[in-house]
Every structure is written in structure tokens, then in C-alpha cells.
file work.txt (compact mmCIF, C-alpha atoms)
# COMPACT_ATOMS: atom_id res chain seq x y z
CA MET Q 1 -12.71 29.02 -24.82
CA ASN Q 2 -9.07 28.03 -24.04
CA SER Q 3 -8.88 24.64 -25.69
CA ILE Q 4 -5.66 23.00 -26.85
CA LEU Q 5 -5.89 19.94 -29.03
CA ILE Q 6 -3.19 17.45 -28.19
CA THR Q 7 -1.55 16.29 -31.39
CA GLN Q 8 -1.30 12.55 -31.87
CA ASP Q 9 1.63 12.88 -34.27
CA GLY Q 10 4.83 11.39 -32.97
CA VAL Q 11 3.42 10.51 -29.55
CA ASP Q 12 4.15 6.79 -29.89
CA GLY Q 13 5.20 5.69 -26.45
CA ALA Q 14 5.07 9.23 -25.07
CA THR Q 15 3.69 9.71 -21.61
CA ALA Q 16 1.62 12.52 -20.16
CA LEU Q 17 2.04 13.55 -16.54
CA LEU Q 18 -0.90 14.93 -14.58
CA GLU Q 19 -0.38 16.66 -11.23
CA ILE Q 20 -3.29 16.38 -8.82
CA ALA Q 21 -2.07 18.05 -5.62
CA GLU Q 22 0.80 15.82 -4.43
CA LEU Q 23 -0.22 12.95 -6.70
CA ARG Q 24 1.66 12.45 -9.97
CA LEU Q 25 -0.27 10.37 -12.46
CA THR Q 26 1.09 9.14 -15.79
CA LEU Q 27 -1.02 8.08 -18.76
CA PRO Q 28 -0.22 7.15 -22.34
CA GLN Q 29 -0.26 10.51 -24.10
CA ALA Q 30 -2.15 9.01 -27.02
CA GLU Q 31 -5.21 8.70 -24.74
CA ILE Q 32 -5.36 12.46 -24.13
CA CYS Q 33 -7.21 14.40 -26.81
CA ALA Q 34 -7.36 17.96 -25.51
CA LEU Q 35 -6.45 20.28 -22.70
CA GLU Q 36 -9.09 22.74 -21.57
CA SER Q 37 -9.13 25.50 -19.03
CA ALA Q 38 -11.00 24.59 -15.84
CA GLY Q 39 -12.74 27.95 -16.19
CA ASP Q 40 -14.52 26.70 -19.29
CA ILE Q 41 -16.23 23.80 -17.53
CA ASP Q 42 -20.00 23.96 -17.83
CA ALA Q 43 -21.39 23.33 -14.33
CA ASP Q 44 -25.06 22.91 -15.30
CA GLU Q 45 -26.92 19.71 -14.33
CA THR Q 46 -23.90 17.68 -13.38
CA LYS Q 47 -23.83 13.88 -13.39
CA PRO Q 48 -23.38 12.14 -10.01
CA LEU Q 49 -19.90 12.84 -8.60
CA SER Q 50 -18.93 14.91 -11.65
CA ILE Q 51 -18.36 18.66 -11.34
CA GLY Q 52 -19.57 19.66 -14.79
CA TRP Q 53 -19.17 19.16 -18.51
CA VAL Q 54 -16.46 19.76 -21.05
CA HIS Q 55 -17.41 20.54 -24.66
CA PHE Q 56 -15.45 18.49 -27.15
CA ARG Q 57 -16.25 17.45 -30.71
CA HIS Q 58 -19.68 19.10 -30.61
CA GLU Q 59 -20.83 17.17 -27.56
CA ARG Q 60 -20.47 17.55 -23.83
CA TRP Q 61 -18.68 15.03 -21.63
CA PRO Q 62 -18.58 14.68 -17.83
CA VAL Q 63 -15.68 16.17 -15.89
CA TYR Q 64 -14.39 14.71 -12.62
CA CYS Q 65 -12.31 16.37 -9.94
CA LEU Q 66 -10.26 13.87 -7.96
CA SER Q 67 -8.37 14.08 -4.69
CA PRO Q 68 -4.78 12.78 -4.45
CA GLU Q 69 -6.39 9.57 -3.12
CA LEU Q 70 -8.49 9.50 -6.32
CA THR Q 71 -11.72 10.11 -4.45
CA PRO Q 72 -14.18 12.15 -6.54
CA LEU Q 73 -14.56 15.67 -5.11
CA VAL Q 74 -17.61 17.85 -5.57
CA ILE Q 75 -15.88 21.05 -4.44
CA VAL Q 76 -13.07 22.00 -6.80
CA PRO Q 77 -9.77 23.11 -5.20
CA LYS Q 78 -8.43 26.36 -6.67
CA ALA Q 79 -5.27 24.66 -7.86
CA ARG Q 80 -7.18 22.53 -10.40
CA ARG Q 81 -6.65 24.90 -13.31
CA SER Q 82 -6.79 22.59 -16.30
CA CYS Q 83 -8.88 19.75 -17.62
CA VAL Q 84 -7.51 16.93 -19.72
CA VAL Q 85 -9.97 15.28 -22.08
CA LEU Q 86 -9.44 11.52 -22.20
CA ASN Q 87 -10.54 9.23 -24.98
CA THR Q 88 -12.35 6.36 -23.27
CA GLY Q 89 -12.97 4.42 -26.45
CA ALA Q 90 -16.72 4.84 -26.05
CA GLY Q 91 -16.53 8.62 -25.69
CA PHE Q 92 -14.60 11.17 -23.68
CA LEU Q 93 -14.31 12.42 -20.13
CA GLY Q 94 -12.52 15.24 -18.41
CA ILE Q 95 -10.20 15.05 -15.42
CA LEU Q 96 -9.21 18.23 -13.60
CA CYS Q 97 -5.57 18.64 -12.65
CA ASP Q 98 -3.22 21.29 -11.30
CA ASN Q 99 -0.56 20.97 -14.00
CA THR Q 100 0.16 18.80 -17.00
CA GLU Q 101 3.29 17.82 -18.86
CA PHE Q 102 3.40 16.14 -22.25
CA GLY Q 103 5.93 14.34 -24.38
CA ILE Q 104 7.72 12.51 -21.59
CA GLN Q 105 9.77 9.54 -22.75
CA LEU Q 106 10.15 7.01 -19.95
CA THR Q 107 12.82 4.34 -19.93
CA LEU Q 108 12.01 0.76 -18.97
CA GLU Q 109 14.17 1.20 -15.86
CA GLN Q 110 11.88 3.99 -14.68
CA GLN Q 111 8.76 1.84 -14.84
CA GLN Q 112 7.67 -1.13 -12.77
CA PRO Q 113 4.39 -2.92 -12.18
CA LEU Q 114 2.49 -2.24 -8.99
CA PRO Q 115 3.91 -4.56 -6.28
CA PRO Q 116 1.52 -7.41 -5.40
CA ALA Q 117 1.07 -6.12 -1.84
CA MET Q 118 -0.31 -2.83 -3.21
CA GLN Q 119 -2.81 -4.30 -5.64
CA MET Q 120 -6.52 -3.88 -5.02
CA PRO Q 121 -9.41 -5.09 -7.18
CA GLY Q 122 -10.72 -2.22 -9.28
CA SER Q 123 -7.75 0.07 -8.64
CA PRO Q 124 -6.91 2.34 -11.57
CA ILE Q 125 -3.21 2.22 -10.71
CA THR Q 126 -1.25 -0.16 -12.92
CA GLY Q 127 2.33 0.62 -11.96
CA LEU Q 128 4.94 2.93 -10.51
CA VAL Q 129 7.23 5.35 -12.26
CA ALA Q 130 10.47 6.74 -10.84
CA LEU Q 131 10.46 10.23 -12.36
CA SER Q 132 13.66 11.10 -10.51
CA GLN Q 133 15.45 10.06 -7.34
CA ASP Q 134 12.81 11.80 -5.21
CA GLU Q 135 9.79 11.93 -7.48
CA VAL Q 136 7.44 9.02 -7.94
CA ALA Q 137 4.38 8.82 -10.17
CA CYS Q 138 1.58 6.31 -10.39
CA ALA Q 139 0.80 4.87 -13.81
CA THR Q 140 -2.75 4.49 -15.05
CA ASN Q 141 -4.64 4.53 -18.34
CA ALA Q 142 -7.98 5.80 -19.60
CA GLU Q 143 -9.69 2.41 -19.51
CA ARG Q 144 -8.74 1.76 -15.88
CA LEU Q 145 -9.74 5.30 -14.88
CA VAL Q 146 -13.14 5.01 -16.56
CA ASN Q 147 -13.84 1.64 -14.93
CA TYR Q 148 -12.78 3.04 -11.57
CA LEU Q 149 -14.94 6.17 -11.90
CA THR Q 150 -17.92 4.12 -13.11
CA ARG Q 151 -17.61 1.96 -10.01
CA GLN Q 152 -17.37 5.04 -7.76
CA VAL Q 153 -20.48 6.57 -9.30
CA ASN Q 154 -22.44 3.33 -8.88
CA LEU Q 155 -21.45 2.79 -5.25
CA MET T 1 35.19 -16.36 36.80
CA ALA T 2 33.71 -18.48 34.03
CA ALA T 3 32.31 -16.58 31.09
CA PRO T 4 28.55 -16.77 30.59
CA LYS T 5 27.52 -19.41 28.05
CA ASN T 6 26.42 -17.06 25.28
CA THR T 7 29.07 -14.35 25.26
CA LYS T 8 30.82 -15.77 22.18
CA GLU T 9 27.62 -16.29 20.22
CA ARG T 10 26.87 -13.63 17.64
CA PRO T 11 23.39 -12.20 17.18
CA ASN T 12 21.59 -14.04 14.38
CA ALA T 13 18.33 -12.09 14.22
CA TRP T 14 16.86 -8.63 14.44
CA LEU T 15 13.99 -7.93 16.77
CA LEU T 16 11.51 -5.60 15.05
CA ASP T 17 8.99 -3.52 16.97
CA PHE T 18 5.85 -2.37 15.17
CA GLY T 19 4.33 -0.68 18.21
CA GLN T 20 1.14 -1.73 20.01
CA MET T 21 3.07 -4.67 21.56
CA LEU T 22 3.55 -6.18 18.11
CA ARG T 23 7.03 -7.57 17.61
CA ALA T 24 8.65 -10.01 15.23
CA ALA T 25 12.08 -11.07 14.03
CA VAL T 26 13.96 -11.47 10.80
CA GLY T 27 17.35 -13.00 10.05
CA MET T 28 20.48 -10.91 10.55
CA ARG T 29 21.19 -10.58 6.82
CA VAL T 30 17.66 -9.54 5.91
CA LEU T 31 17.90 -5.92 7.02
CA LEU T 32 19.93 -3.74 4.67
CA GLN T 33 19.40 -0.29 6.14
CA ILE T 34 17.33 1.66 8.63
CA ILE T 35 15.98 5.01 7.44
CA ASP T 36 15.03 7.68 9.96
CA GLN T 37 12.03 9.81 9.00
CA PRO T 38 11.68 8.23 5.55
CA ARG T 39 10.14 10.22 2.71
CA LEU T 40 7.33 7.94 1.63
CA HIS T 41 5.37 8.35 -1.58
CA PRO T 42 1.67 7.57 -1.13
CA VAL T 43 -0.03 5.44 -3.77
CA PRO T 44 -3.83 5.78 -4.01
CA CYS T 45 -6.26 2.87 -4.02
CA THR T 46 -3.97 0.57 -2.06
CA PRO T 47 -4.63 -1.61 1.03
CA ALA T 48 -4.37 0.07 4.45
CA TYR T 49 -1.27 -2.00 5.25
CA CYS T 50 0.68 -0.95 2.16
CA ARG T 51 -0.16 2.61 1.15
CA SER T 52 3.21 3.96 0.06
CA VAL T 53 6.49 3.24 -1.69
CA TYR T 54 10.03 4.25 -0.86
CA SER T 55 12.74 5.11 -3.36
CA TRP T 56 16.02 3.43 -2.37
CA GLN T 57 19.08 3.46 -4.58
CA GLY T 58 16.95 4.00 -7.66
CA ARG T 59 14.51 1.22 -6.83
CA LEU T 60 10.94 1.65 -5.68
CA MET T 61 9.79 -0.72 -2.98
CA PRO T 62 6.45 -1.27 -1.24
CA VAL T 63 6.30 -0.19 2.40
CA VAL T 64 4.30 -2.51 4.65
CA ASP T 65 2.79 -1.50 7.97
CA MET T 66 2.76 -4.78 9.91
CA ALA T 67 0.51 -3.32 12.60
CA ALA T 68 -2.17 -2.55 10.02
CA LEU T 69 -1.61 -5.90 8.32
CA LEU T 70 -2.25 -7.63 11.65
CA GLY T 71 -5.50 -5.71 12.13
CA HIS T 72 -4.20 -3.05 14.52
CA GLU T 73 -4.01 0.75 14.21
CA PRO T 74 -1.75 1.99 11.38
CA GLN T 75 1.68 3.19 12.47
CA THR T 76 3.01 6.72 12.13
CA PRO T 77 6.02 6.36 9.84
CA ARG T 78 9.14 7.12 11.92
CA LEU T 79 11.61 4.44 10.98
CA LEU T 80 11.79 2.31 7.89
CA ALA T 81 13.66 -0.98 7.67
CA ILE T 82 14.82 -1.89 4.17
CA ALA T 83 14.60 -5.66 3.86
CA GLY T 84 15.92 -7.98 1.16
CA TYR T 85 14.36 -11.38 0.57
CA GLN T 86 14.01 -14.13 -2.02
CA GLU T 87 10.78 -15.74 -3.16
CA ALA T 88 12.69 -18.93 -3.92
CA PRO T 89 16.29 -20.10 -3.56
CA GLY T 90 18.47 -18.82 -6.40
CA GLU T 91 16.00 -16.10 -7.33
CA ALA T 92 17.11 -12.47 -7.56
CA PRO T 93 16.65 -10.67 -4.24
CA ARG T 94 13.62 -8.45 -3.83
CA LEU T 95 13.26 -5.40 -1.64
CA GLY T 96 10.56 -4.27 0.72
CA GLY T 97 10.19 -1.74 3.50
CA LEU T 98 8.79 -2.35 6.98
CA LEU T 99 7.64 0.49 9.21
CA LEU T 100 9.11 0.32 12.72
CA SER T 101 8.32 2.21 15.89
CA VAL T 102 11.83 1.87 17.36
CA ALA T 103 15.23 0.83 16.03
CA PRO T 104 15.68 -2.94 15.64
CA MET T 105 17.56 -4.84 18.33
CA PRO T 106 20.04 -7.64 17.59
CA LEU T 107 19.40 -10.89 19.45
CA ILE T 108 20.33 -14.53 19.56
CA ALA T 109 17.64 -17.07 18.79
CA GLY T 110 18.00 -20.85 18.68
CA ASN T 111 15.87 -23.88 17.90
CA ASP T 112 15.63 -24.65 21.61
CA GLN T 113 13.57 -21.46 22.01
CA ALA T 114 10.79 -22.54 19.59
CA CYS T 115 7.29 -21.81 20.85
CA ALA T 116 3.72 -21.21 19.66
CA LEU T 117 2.76 -18.01 17.83
CA PRO T 118 1.33 -15.19 19.94
CA GLU T 119 -2.44 -15.00 20.16
CA GLN T 120 -2.67 -11.22 19.78
CA SER T 121 -3.56 -11.56 16.07
CA ASP T 122 -5.21 -14.36 14.10
CA ALA T 123 -3.13 -13.27 11.12
CA TRP T 124 0.26 -14.33 12.48
CA PRO T 125 0.14 -17.85 10.97
CA LYS T 126 -0.15 -16.29 7.52
CA PHE T 127 2.97 -14.19 7.85
CA ALA T 128 5.29 -16.15 10.17
CA ILE T 129 7.41 -19.18 9.41
CA SER T 130 8.24 -19.96 13.02
CA CYS T 131 8.29 -18.47 16.48
CA PHE T 132 10.65 -18.37 19.45
CA GLY T 133 10.50 -17.26 23.04
CA HIS T 134 12.44 -14.16 24.04
CA GLN T 135 12.36 -12.64 27.53
CA GLY T 136 8.98 -14.18 28.18
CA ASP T 137 7.39 -13.13 24.88
CA ALA T 138 6.63 -15.16 21.77
CA ILE T 139 8.44 -13.59 18.78
CA PRO T 140 7.23 -14.66 15.33
CA VAL T 141 9.81 -14.93 12.55
CA LEU T 142 8.51 -13.11 9.47
CA HIS T 143 8.00 -14.75 6.09
CA LEU T 144 8.73 -11.70 3.93
CA GLY T 145 7.71 -13.40 0.69
CA ARG T 146 4.19 -13.90 2.03
CA ILE T 147 4.04 -10.33 3.32
CA PHE T 148 5.26 -8.51 0.23
CA SER T 149 3.68 -10.80 -2.34
CA ARG T 150 0.29 -10.79 -0.69
CA GLN T 151 -2.63 -9.56 -2.78
CA SER T 152 -5.85 -8.18 -1.32

call {"tool": "encode", "arguments": {"input": "work.txt", "output": "C-alpha cells"}}
result
Amino acid sequence: MNSILITQDGVDGATALLEIAELRLTLPQAEICALESAGDIDADETKPLSIGWVHFRHERWPVYCLSPELTPLVIVPKARRSCVVLNTGAGFLGILCDNTEFGIQLTLEQQQPLPPAMQMPGSPITGLVALSQDEVACATNAERLVNYLTRQVNL
Amino acid sequence: MAAPKNTKERPNAWLLDFGQMLRAAVGMRVLLQIIDQPRLHPVPCTPAYCRSVYSWQGRLMPVVDMAALLGHEPQTPRLLAIAGYQEAPGEAPRLGGLLLSVAPMPLIAGNDQACALPEQSDAWPKFAISCFGHQGDAIPVLHLGRIFSRQS
């Protein structure tokens, strides 16, 4: 099993970047516990809208594959090679992504709240991040993602 | 020959065309730049009328599709107008982008041209501060604060 535990030492304020096709998603790095290989996902008896299970801390937790629009997918694109394990507070869940980057230190100038015109009830997106002149990421966090996925599953 | 009455008047507004016969105006100083074929960055889980942001001089701004906001078909992004506006007098200017189907046209509008809002969308009263007649059409004047600060 290709599991990498993400150290929580010295991650205060550090940001993790997830690439999901053309979508760049940032989360507080402290909310990411492990990085697994997508090949190690257990696809038996999946939960609704999940694509399988990730084994972490002697239990299994649901894994979701999302489109760049954050719609849950049931067919996994080949590019989704890794699975980040998020701490939801009440447990864990896995999100498949194409690439990940850890230890990013964002300046205040790079971050801004989501403009009012873009806000939707239940959206997991909390803000925008200017990664560079031409690269933009959307900020989220584990709590917002879990609430969003829970709502999707219950629709 | 006497000069026509308006030749010395300067344009004081831009006529914006959102396609699908949807047009509106903003003040001359509102538009800061027109971008051809803008590179927009989509943001998921956003309203149909504001699905992307544009990075301009290091600032990220929401891009509003007025056609979609008015209940019409979404536009294909071809031109982007960068607009500056204030929520209140004295407040720092804010930026927003408006999708356009053709380049904006300068025009002269005066109080004597005031008229009722067009009936093509029930939403115009929410997003216009006034309206004037131009070449037989009613042209709403946009209230950018209401457009860019609107929440679903």
C-alpha cells in the first residue's frame, strides 16, 4: 500500500493544493492526514456517489471522485492518481485528485473572500487564491467539503 | 452651414451589448479596459450568471454575464469589459467584469431622454438606476453595485 502520512509538524498556516483536472483547490494543510495511491482504493460495496474506500487508522472511509465543477463522478478519470485523506472532525474521507502540493505559504494579498455575486448556499468554496498572475485556485476546507458532499448524497 | 447641435458634446456613456437584443449603458469613466478573448477562470458551485473570475493587474474580479442574469441564454465569452464602481461615495473602488458580445459604443445621453425600462426582462428594475431612449430603444443604465454585490 502506497500511503504517505502528512506530518502536522510546522504546518501552521500552510496550505495544500489539490489539482482536479483544471480546478485548483486549496485547503488548510492541517486538515489533510494522508496521501494514498488511487490504486489502493477498495471498490467493494461503495456508498452512494462514492467510488470506494480508503483504509486509514484501522478503519475504512468513503472516497469521492469529483469533477472540476465538484460534481461527484462514479467513473474515475485516469488522471486521478492520488487520494488525500481529510480529517472531517467526525472521521475521515478521501478525495481523488490528479496532483497535490503541500507546504504552500500564501500571503494575505493572494487570498480574497468569494465575491458576493459568486456565493451560493451550500457551496464548499470559501474564497479565491491568486497562485500567480495566470493561475487561480478556489479555497475550501474539510468542513465545507463534507457538508457539500453530504448534501449531494442526500439529493 | 450651421453645425449640428450636438457636435461639441462629448460622449458621456458607453453602450454595452450583451447579445440577444440586451443592451445597457454605464458612465464613461466606469469602463477601464476591454479584453479580447479573456482567459477566464471557472469557479465551481457558482450562479449561472457569475461562473468565473478574471485576473487583472494582480486582482481577481467576478465576471458577470448580464444575459444570464436577466434570464436569457448565457453568453459565449468573447469580450470582457473591466468596470470600476463604488458601493458608496468615498469608498475604495471595486472591480468587476461584464461579458460583452461586441465592443462598447460611446454615446451621448441626457436627462431629456429619460424613459421607462424595457419590458424584455422583469429583472431590469433590480439592476438599473435609470433608463434613456436611444435610436428608438430603451437603454437601462446599470447599477453595478447591485449587480456585483448580489447574492443568490

call {"tool": "atom_distance", "arguments": {"input": "work.txt", "atom1": "CA of Ala38 in chain Q", "atom2": "CA of Arg151 in chain Q"}}
result
24.3 Å

call {"tool": "interface_residues", "arguments": {"input": "work.txt", "of": "chain T", "to": "chain Q", "cutoff": "12 Å", "atoms": "all atoms listed in the file", "output": "count of residues only"}}
result
43

call {"tool": "residues_around", "arguments": {"input": "work.txt", "residues": "range 127-141 of chain T", "least_positions_apart": "2", "cutoff": "6 Å", "atoms": "all atoms listed in the file", "output": "list in words"}}
result
Ala24, Ala25, Val26, Gln113, Ala114, Cys115, Leu117, Pro118, Trp124, Pro125, His143 and Arg146 of chain T

call {"tool": "residues_around", "arguments": {"input": "work.txt", "residues": "Asn99 in chain Q", "least_positions_apart": "5", "cutoff": "10 Å", "atoms": "all atoms listed in the file", "output": "short mmCIF file (atom, residue, chain, number, x, y, z; two decimals) with C-alpha atoms, in the frame of the given file"}}
result
data_model
loop_
_atom_site.label_atom_id
_atom_site.label_comp_id
_atom_site.auth_asym_id
_atom_site.auth_seq_id
_atom_site.Cartn_x
_atom_site.Cartn_y
_atom_site.Cartn_z
CA LEU Q 17 2.04 13.55 -16.54
CA LEU Q 18 -0.90 14.93 -14.58
CA GLU Q 19 -0.38 16.66 -11.23
CA ILE Q 20 -3.29 16.38 -8.82
CA ALA Q 21 -2.07 18.05 -5.62
CA ARG Q 24 1.66 12.45 -9.97
CA ALA Q 79 -5.27 24.66 -7.86
CA ARG Q 80 -7.18 22.53 -10.40
CA ARG Q 81 -6.65 24.90 -13.31
CA SER Q 82 -6.79 22.59 -16.30
CA CYS Q 83 -8.88 19.75 -17.62
CA VAL Q 84 -7.51 16.93 -19.72
#

call {"tool": "residues_near_point", "arguments": {"input": "work.txt", "point": "(-12.0, 6.1, -18.0)", "cutoff": "9 Å", "atoms": "all atoms listed in the file", "output": "JSON list (two decimals) with C-alpha atoms, in the coordinates of the input"}}
result
[["chain", "number", "residue", "atom", "x", "y", "z"],
["Q", 86, "LEU", "CA", -9.44, 11.52, -22.20],
["Q", 87, "ASN", "CA", -10.54, 9.23, -24.98],
["Q", 88, "THR", "CA", -12.35, 6.36, -23.27],
["Q", 89, "GLY", "CA", -12.97, 4.42, -26.45],
["Q", 92, "PHE", "CA", -14.60, 11.17, -23.68],
["Q", 93, "LEU", "CA", -14.31, 12.42, -20.13],
["Q", 141, "ASN", "CA", -4.64, 4.53, -18.34],
["Q", 142, "ALA", "CA", -7.98, 5.80, -19.60],
["Q", 143, "GLU", "CA", -9.69, 2.41, -19.51],
["Q", 144, "ARG", "CA", -8.74, 1.76, -15.88],
["Q", 145, "LEU", "CA", -9.74, 5.30, -14.88],
["Q", 146, "VAL", "CA", -13.14, 5.01, -16.56],
["Q", 147, "ASN", "CA", -13.84, 1.64, -14.93],
["Q", 148, "TYR", "CA", -12.78, 3.04, -11.57],
["Q", 149, "LEU", "CA", -14.94, 6.17, -11.90],
["Q", 150, "THR", "CA", -17.92, 4.12, -13.11]]

call {"tool": "closest_residue", "arguments": {"input": "work.txt", "among": "Q:Val54, Q:Ile104, Q:Leu73, Q:Cys97", "to": "Ala30 in chain Q", "atoms": "only C-alpha atoms"}}
result
Q:Ile104

call {"tool": "residues_around", "arguments": {"input": "work.txt", "residues": "Phe102 in chain Q", "least_positions_apart": "5", "cutoff": "10 Å", "atoms": "all atoms listed in the file", "output": "list of chain:residue names"}}
result
Q:Ile6, Q:Val11, Q:Ala14, Q:Thr15, Q:Ala16, Q:Leu17, Q:Leu18, Q:Thr26, Q:Leu27, Q:Pro28, Q:Gln29, Q:Ile32

call {"tool": "residues_around", "arguments": {"input": "work.txt", "residues": "Gln33 in chain T", "least_positions_apart": "3", "cutoff": "10 Å", "atoms": "only C-alpha atoms", "output": "list in words"}}
result
Val30, Asp36, Trp56, Leu80, Ala81, Ile82, Ala83, Gly84 and Gly97 of chain T

call {"tool": "residues_around", "arguments": {"input": "work.txt", "residues": "Phe56 in chain Q", "least_positions_apart": "5", "cutoff": "12 Å", "atoms": "all atoms listed in the file", "output": "list in words"}}
result
Met1, Asn2, Ser3, Ile4, Leu5, Cys33, Ala34, Leu35, Glu36, Asp40, Ile41, Asp42, Trp61, Pro62, Val63, Cys83, Val84, Val85, Leu86, Asn87, Gly91, Phe92, Leu93 and Gly94 of chain Q

call {"tool": "atom_distance", "arguments": {"input": "work.txt", "atom1": "CA of Phe18 in chain T", "atom2": "CA of Pro89 in chain T"}}
result
27.8 Å

call {"tool": "atom_distance", "arguments": {"input": "work.txt", "atom1": "CA of Pro74 in chain T", "atom2": "CA of Asp122 in chain T"}}
result
16.9 Å

call {"tool": "residues_near_point", "arguments": {"input": "work.txt", "point": "(12.0, -6.2, 17.6)", "cutoff": "10 Å", "atoms": "only C-alpha atoms", "output": "PyMOL selection string"}}
result
chain T and resi 13-19+21-26+100-107+139-140

call {"tool": "build_atoms", "arguments": {"input": "work.txt", "residues": "range 19-28 of chain Q", "atoms": "all heavy atoms", "output": "short mmCIF file (atom, residue, chain, number, x, y, z; two decimals), keeping the file's coordinate frame"}}
result
data_model
loop_
_atom_site.label_atom_id
_atom_site.label_comp_id
_atom_site.auth_asym_id
_atom_site.auth_seq_id
_atom_site.Cartn_x
_atom_site.Cartn_y
_atom_site.Cartn_z
N GLU Q 19 -0.60 16.37 -12.65
CA GLU Q 19 -0.38 16.66 -11.23
C GLU Q 19 -1.72 16.96 -10.59
O GLU Q 19 -2.45 17.86 -11.03
CB GLU Q 19 0.55 17.86 -11.07
CG GLU Q 19 1.98 17.58 -11.48
CD GLU Q 19 2.89 18.76 -11.20
OE1 GLU Q 19 2.53 19.61 -10.37
OE2 GLU Q 19 3.94 18.85 -11.85
N ILE Q 20 -2.06 16.18 -9.59
CA ILE Q 20 -3.29 16.38 -8.82
C ILE Q 20 -2.86 16.53 -7.37
O ILE Q 20 -2.62 15.52 -6.69
CB ILE Q 20 -4.28 15.21 -9.02
CG1 ILE Q 20 -4.66 15.10 -10.50
CG2 ILE Q 20 -5.50 15.37 -8.14
CD1 ILE Q 20 -5.50 13.89 -10.85
N ALA Q 21 -2.69 17.77 -6.93
CA ALA Q 21 -2.07 18.05 -5.62
C ALA Q 21 -0.74 17.30 -5.56
O ALA Q 21 0.05 17.39 -6.48
CB ALA Q 21 -3.02 17.71 -4.48
N GLU Q 22 -0.50 16.49 -4.53
CA GLU Q 22 0.80 15.82 -4.43
C GLU Q 22 0.89 14.55 -5.27
O GLU Q 22 1.95 13.93 -5.34
CB GLU Q 22 1.15 15.52 -2.97
CG GLU Q 22 0.21 14.57 -2.27
CD GLU Q 22 -0.91 15.30 -1.54
OE1 GLU Q 22 -1.29 16.41 -1.96
OE2 GLU Q 22 -1.41 14.74 -0.55
N LEU Q 23 -0.22 14.17 -5.88
CA LEU Q 23 -0.22 12.95 -6.70
C LEU Q 23 0.30 13.24 -8.11
O LEU Q 23 -0.10 14.21 -8.74
CB LEU Q 23 -1.64 12.38 -6.80
CG LEU Q 23 -1.82 11.17 -7.72
CD1 LEU Q 23 -1.08 9.95 -7.19
CD2 LEU Q 23 -3.31 10.86 -7.89
N ARG Q 24 1.20 12.40 -8.58
CA ARG Q 24 1.66 12.45 -9.97
C ARG Q 24 1.11 11.21 -10.65
O ARG Q 24 1.34 10.09 -10.19
CB ARG Q 24 3.19 12.43 -10.04
CG ARG Q 24 3.87 13.52 -9.24
CD ARG Q 24 3.77 14.86 -9.95
NE ARG Q 24 4.43 15.91 -9.21
CZ ARG Q 24 3.87 16.64 -8.25
NH1 ARG Q 24 2.63 16.39 -7.89
NH2 ARG Q 24 4.53 17.60 -7.65
N LEU Q 25 0.40 11.46 -11.76
CA LEU Q 25 -0.27 10.37 -12.46
C LEU Q 25 0.23 10.36 -13.90
O LEU Q 25 0.21 11.40 -14.57
CB LEU Q 25 -1.77 10.65 -12.43
CG LEU Q 25 -2.78 9.52 -12.39
CD1 LEU Q 25 -2.49 8.52 -11.28
CD2 LEU Q 25 -4.19 10.09 -12.21
N THR Q 26 0.68 9.22 -14.38
CA THR Q 26 1.09 9.14 -15.79
C THR Q 26 0.07 8.34 -16.58
O THR Q 26 -0.52 7.39 -16.07
CB THR Q 26 2.48 8.48 -15.95
OG1 THR Q 26 2.40 7.12 -15.51
CG2 THR Q 26 3.56 9.22 -15.20
N LEU Q 27 -0.14 8.78 -17.82
CA LEU Q 27 -1.02 8.08 -18.76
C LEU Q 27 -0.34 8.06 -20.12
O LEU Q 27 0.46 8.96 -20.42
CB LEU Q 27 -2.34 8.83 -18.96
CG LEU Q 27 -3.36 8.90 -17.86
CD1 LEU Q 27 -3.32 10.24 -17.23
CD2 LEU Q 27 -4.74 8.65 -18.43
N PRO Q 28 -0.70 7.08 -20.96
CA PRO Q 28 -0.22 7.15 -22.34
C PRO Q 28 -0.73 8.45 -22.97
O PRO Q 28 -1.93 8.73 -22.91
CB PRO Q 28 -0.85 5.92 -22.99
CG PRO Q 28 -1.19 5.01 -21.86
CD PRO Q 28 -1.53 5.89 -20.71
#
